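Q: My structure is stored as protein_33.txt, with compact mmCIF, C-alpha atoms.
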# COMPACT_ATOMS: atom_id res chain seq x y z
CA MET A 27 -0.05 13.16 -25.29
CA LYS A 28 1.87 9.97 -26.12
CA ILE A 29 5.22 11.76 -25.80
CA ARG A 30 4.20 13.28 -22.47
CA LYS A 31 3.09 9.86 -21.19
CA ILE A 32 6.41 8.28 -22.19
CA LEU A 33 8.32 11.06 -20.44
CA LEU A 34 6.15 10.65 -17.35
CA ILE A 35 6.84 6.92 -17.22
CA LEU A 36 10.58 7.46 -17.55
CA MET A 37 10.56 10.11 -14.81
CA ILE A 38 8.67 7.86 -12.42
CA ILE A 39 11.09 4.99 -13.09
CA PHE A 40 14.10 7.18 -12.43
CA CYS A 41 12.51 8.59 -9.29
CA VAL A 42 11.81 5.15 -7.81
CA SER A 43 15.36 4.09 -8.69
CA GLY A 44 16.83 6.84 -6.55
CA CYS A 45 16.35 10.18 -8.25
CA THR A 46 15.38 12.80 -5.67
CA ASN A 47 14.31 15.69 -7.95
CA LEU A 48 10.54 15.15 -8.08
CA ASP A 49 9.38 18.76 -8.06
CA SER A 50 8.31 18.71 -11.70
CA LEU A 51 5.73 15.97 -11.04
CA SER A 52 2.27 16.59 -9.64
CA TYR A 53 0.47 14.27 -7.23
CA ASP A 54 -1.82 13.29 -10.11
CA ASP A 55 1.22 12.25 -12.17
CA PHE A 56 2.17 9.65 -9.57
CA ILE A 57 -1.36 8.27 -9.41
CA ASN A 58 -1.59 8.13 -13.20
CA SER A 59 1.58 6.03 -13.30
CA LEU A 60 -0.55 3.12 -12.03
CA SER A 61 -1.58 2.65 -15.65
CA THR A 62 2.00 1.70 -16.59
CA LYS A 63 3.56 -1.76 -16.52
CA PRO A 64 4.35 -2.77 -12.91
CA LYS A 65 7.77 -3.78 -11.61
CA GLN A 66 8.62 -7.45 -11.35
CA ALA A 67 7.91 -8.80 -7.86
CA ASN A 68 10.87 -9.49 -5.59
CA THR A 69 8.95 -10.41 -2.43
CA TYR A 70 6.67 -13.43 -2.03
CA LYS A 71 4.06 -14.30 0.59
CA ARG A 72 1.33 -16.92 0.78
CA GLY A 73 -1.26 -15.91 -1.78
CA TYR A 74 0.39 -12.76 -3.14
CA GLN A 75 3.63 -11.11 -4.23
CA TYR A 76 4.90 -7.56 -4.61
CA TYR A 77 7.92 -5.40 -5.44
CA ILE A 78 10.01 -3.55 -2.85
CA PRO A 79 11.77 -0.50 -4.40
CA LYS A 80 15.45 0.17 -3.84
CA GLY A 81 16.06 2.20 -0.70
CA LEU A 82 13.37 0.39 1.29
CA GLN A 83 14.15 -2.39 3.75
CA LEU A 84 11.74 -4.99 5.08
CA SER A 85 11.76 -4.59 8.87
CA ASP A 86 8.76 -6.79 9.76
CA ALA A 87 6.15 -8.93 8.02
CA GLY A 88 3.13 -11.09 8.76
CA ASP A 89 0.63 -13.04 6.69
CA ASN A 90 -1.13 -9.93 5.46
CA TYR A 91 1.11 -6.97 6.25
CA ALA A 92 4.67 -5.69 6.00
CA VAL A 93 6.61 -2.81 7.49
CA LEU A 94 9.12 -1.27 5.10
CA SER A 95 11.66 1.25 6.35
CA SER A 96 13.54 4.10 4.70
CA GLY A 97 15.56 6.12 7.15
CA SER A 98 13.20 7.14 9.95
CA ASN A 99 10.09 6.60 7.81
CA ASN A 100 8.02 3.42 7.96
CA TYR A 101 5.71 2.26 5.17
CA TYR A 102 2.87 0.06 6.46
CA LEU A 103 1.55 -2.29 3.79
CA TYR A 104 -1.72 -4.17 4.32
CA VAL A 105 -3.18 -6.79 1.96
CA ASP A 106 -6.88 -7.70 2.21
CA LEU A 107 -7.14 -11.26 0.86
CA VAL A 108 -10.68 -11.67 2.13
CA SER A 109 -12.04 -8.68 0.20
CA TYR A 110 -10.03 -9.69 -2.87
CA ASN A 111 -11.48 -13.21 -2.78
CA GLU A 112 -15.03 -11.85 -2.40
CA GLU A 113 -14.45 -9.22 -5.10
CA LYS A 114 -15.88 -6.49 -2.92
CA THR A 115 -16.81 -3.26 -4.67
CA PHE A 116 -15.53 0.09 -3.46
CA VAL A 117 -17.01 3.58 -3.33
CA TYR A 118 -14.88 6.57 -2.34
CA GLU A 119 -16.00 10.14 -1.79
CA LYS A 120 -13.41 12.86 -2.20
CA ASN A 121 -12.26 14.38 1.08
CA GLU A 122 -12.50 18.14 0.61
CA ASN A 123 -10.55 18.74 3.84
CA ALA A 124 -7.52 16.75 2.72
CA VAL A 125 -4.36 18.23 1.23
CA TYR A 126 -4.91 15.81 -1.65
CA SER A 127 -7.74 13.39 -2.27
CA THR A 128 -8.65 11.35 -5.32
CA ARG A 129 -10.42 8.17 -6.37
CA ILE A 130 -8.35 5.60 -8.27
CA SER A 131 -9.70 3.37 -11.03
CA TYR A 132 -7.47 1.53 -13.51
CA ASP A 133 -8.06 -1.69 -15.43
CA GLY A 134 -10.92 -2.72 -13.17
CA LYS A 135 -8.91 -2.06 -10.00
CA GLU A 136 -10.32 0.47 -7.55
CA GLY A 137 -8.90 2.54 -4.71
CA TYR A 138 -8.14 6.00 -3.42
CA ALA A 139 -5.29 8.28 -2.34
CA GLU A 140 -5.29 10.84 0.44
CA ILE A 141 -2.69 13.14 1.93
CA ASN A 142 -3.55 14.78 5.25
CA LEU A 143 -1.60 17.17 7.46
CA TRP A 144 -1.10 15.82 10.97
CA GLU A 145 0.75 17.07 14.04
CA ASN A 146 4.32 18.43 13.97
CA ASN A 147 4.09 19.23 10.23
CA GLN A 148 3.92 15.54 9.36
CA TYR A 149 1.82 14.32 6.45
CA LEU A 150 -0.06 11.03 6.45
CA ILE A 151 -0.21 9.41 3.02
CA GLU A 152 -2.85 6.73 2.53
CA ILE A 153 -3.14 4.86 -0.76
CA MET A 154 -5.45 1.90 -1.29
CA TYR A 155 -5.42 0.08 -4.62
CA ASN A 156 -6.26 -3.44 -5.78
CA TYR A 157 -7.14 -4.67 -2.26
CA ALA A 158 -3.81 -3.49 -0.82
CA LYS A 159 -3.09 -0.36 1.19
CA ILE A 160 -0.01 1.65 2.22
CA GLU A 161 0.21 4.22 4.99
CA VAL A 162 3.30 6.32 5.63
CA MET A 163 3.96 9.47 7.65
CA VAL A 164 6.56 11.86 6.21
CA GLU A 165 7.70 15.46 6.18
CA GLU A 166 6.43 17.65 3.34
CA SER A 167 9.74 17.44 1.45
CA LEU A 168 9.42 13.64 1.24
CA ILE A 169 5.79 13.39 0.10
CA LYS A 170 6.57 12.83 -3.57
CA GLN A 171 9.28 10.26 -2.88
CA ALA A 172 6.85 8.42 -0.63
CA LEU A 173 4.21 8.53 -3.36
CA ALA A 174 6.66 7.10 -5.90
CA ASN A 175 7.61 4.24 -3.58
CA SER A 176 4.00 3.51 -2.58
CA ILE A 177 2.71 3.47 -6.15
CA ALA A 178 5.53 1.15 -7.25
CA ILE A 179 4.63 -1.30 -4.47
CA LEU A 180 0.86 -1.26 -4.92
CA ASN A 181 1.05 -1.46 -8.70
CA SER A 182 3.14 -4.63 -8.42
CA VAL A 183 0.82 -6.61 -6.11
CA LYS A 184 -0.33 -9.86 -7.73
CA TYR A 185 -2.55 -12.52 -6.21
CA ASN A 186 -2.61 -16.30 -6.50
CA ASP A 187 -6.29 -17.25 -6.54
CA LEU A 188 -5.75 -20.95 -5.84
CA ILE A 189 -3.57 -20.37 -2.77
CA ILE A 190 -5.91 -17.69 -1.42
CA GLU A 191 -8.92 -19.97 -1.85
CA ASN A 192 -7.15 -22.74 0.07
CA LEU A 193 -6.02 -20.35 2.82
CA LEU A 194 -9.54 -19.05 3.37
CA LYS A 195 -11.10 -22.49 3.12
CA ASP A 196 -8.70 -23.93 5.72
CA ASP A 197 -8.91 -20.81 7.91
CA ASN A 198 -5.12 -20.52 7.85
CA LEU A 199 -5.04 -16.73 7.96
CA THR A 200 -4.08 -15.04 11.21
CA TYR A 201 -6.55 -12.16 10.89
CA THR A 202 -10.27 -11.66 10.56
CA GLU A 203 -12.34 -9.98 7.89
CA GLU A 204 -13.51 -7.35 10.36
CA ILE A 205 -10.00 -6.14 11.21
CA PHE A 206 -8.78 -5.81 7.63
CA ASP A 207 -11.86 -4.74 5.71
CA MET A 208 -10.28 -1.73 3.98
CA PHE A 209 -13.50 -0.82 2.25
CA GLU A 210 -15.11 -0.01 5.59
CA GLU A 211 -11.98 1.45 7.18
CA THR A 212 -12.01 4.39 4.75
CA GLU A 213 -15.18 5.63 6.41
CA LYS A 214 -13.54 5.73 9.84
CA GLU A 215 -10.76 7.84 11.27
CA GLU A 216 -9.04 4.79 12.71
CA ASP A 217 -5.27 4.64 12.90
CA SER A 218 -4.35 1.39 11.17
CA LEU A 219 -0.71 1.86 12.15
CA GLU A 220 -1.70 1.12 15.74
CA PHE A 221 -2.71 -2.44 14.86
CA VAL A 222 0.72 -3.27 13.45
CA GLU A 223 2.43 -1.88 16.53
CA GLU A 224 0.19 -3.98 18.79
CA ASP A 225 0.76 -7.03 16.62
CA ASN A 226 4.51 -6.48 16.76
CA ASN A 227 4.38 -6.35 20.57
CA ILE A 228 2.54 -9.66 20.65
CA LYS A 229 5.13 -11.16 18.34
CA ASP A 230 7.97 -9.95 20.53
CA GLU A 231 6.37 -11.46 23.62
CA GLU A 232 5.73 -14.80 21.96
CA GLU A 233 9.00 -14.75 19.96
CA VAL A 234 7.20 -15.69 16.79
CA LYS A 235 9.34 -15.68 13.66
CA ASP A 236 8.00 -15.21 10.14
CA THR A 237 9.37 -18.02 8.00
CA ASP A 238 7.23 -17.31 4.93
CA PHE A 239 9.21 -14.36 3.59
CA ILE A 240 11.48 -15.06 0.62
CA ASN A 241 13.49 -12.24 -0.91
Just dump the structure as structure tokens.

A:
Amino acid sequence: MKIRKILLILMIIFCVSGCTNLDSLSYDDFINSLSTKPKQANTYKRGYQYYIPKGLQLSDAGDNYAVLSSGSNNYYLYVDLVSYNEEKTFVYEKNENAVYSTRISYDGKEGYAEINLWENNQYLIEIMYNYAKIEVMVEESLIKQALANSIAILNSVKYNDLIIENLLKDDNLTYTEEIFDMFEETEKEEDSLEFVEEDNNIKDEEEVKDTDFIN
């Protein structure tokens, strides 16, 4: 088992670094890689930090979200600082109608992963872990690459309790608990991607620039 785990870790690392032959890995293998040591963060925001894998480019970012692009595919990252600060508990029921559905629980961090077939043979991947969530829509051939990238990002998220406490105390966040309560969103079929698109339109109209991002 130890040898298999070491091989799995090495395969995941190579895959995130640019290897495209992922056929030998199952969906469960990618989820299980959350138990490995995370990548060092290379992106910093107020109250949290995370790692962006090679091949992904930051195309937009706000206080609690980022849009990462790879070719024509966009990864939508959301971070729920309110739920993290309140240490909300999470309960997930397996979706029997999904292509893939599983509950995630590692080192006291909870979440879930789902893959669902949408229109035009596109697959929506949703992964929530440690109060952060990624959504990405890809073709079937890119599902495993998207899983590798998403797991690498979510596994690397780290929070700064002092900064988050000050942000919430001073009401300096630009979103409300209701909009980004991921624990309730999992019970709804609400397209979270739509919020980012609307928020981007508002930004374009007001010409607001994000000066918090440091890479």

Q: Which polymer residues have any atom within 8 Å of an atom of Tyr155 in chain A, counting only C-alpha atoms, with same-chain residues fewer than 5 positions away left out, as a list in words?

A: Ile130, Lys135, Glu136, Gly137, Tyr138, Leu180 and Asn181 of chain A

Q: For Gly88 in chain A, which residue among A:Asp49, A:Val105, A:Glu191, A:Tyr76 is the nearest when counting only C-alpha atoms?

A: A:Val105

Q: I'd like the interatomic distance between CA of Lys184 in chain A and CA of Lys170 in chain A, to a tenth of an Å.

A: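 Atom-to-atom, CA of Lys184 in chain A to CA of Lys170 in chain A, that is 24.1 Å.
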
Q: Compile the contact shell of range 93-101 of chain A as a list in words: residues with an atom at most 8 Å away, counting all atoms listed in the file, same-chain residues fewer than 4 positions apart removed.

A: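 These residues fall inside the cut-off: Gly81, Leu82, Gln83, Leu84, Ser85, Asp86, Ala87, Ile160, Glu161, Val162, Met163 and Val164 of chain A.
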
Q: Between CA of Ile141 in chain A and CA of Ala92 in chain A, measure the distance and give it in Å to one decimal.

A: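 If I compute the distance from CA of Ile141 in chain A to CA of Ala92 in chain A, I get 20.6 Å.
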
Q: Please identify all polymer residues within 8 Å of Leu173 in chain A, counting all atoms listed in the file, omitting same-chain residues fewer than 4 positions from it, and present them as a CSV table (one decimal) with C-alpha atoms, in the frame of the given file.

A:
chain,number,residue,atom,x,y,z
A,53,TYR,CA,0.5,14.3,-7.2
A,56,PHE,CA,2.2,9.6,-9.6
A,151,ILE,CA,-0.2,9.4,3.0
A,169,ILE,CA,5.8,13.4,0.1
A,177,ILE,CA,2.7,3.5,-6.2

Q: For CA of Asp54 in chain A and CA of Ser131 in chain A, quote the distance in Å rounded to one decimal.

A: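 Computing it gives 12.7 Å between the two atoms.
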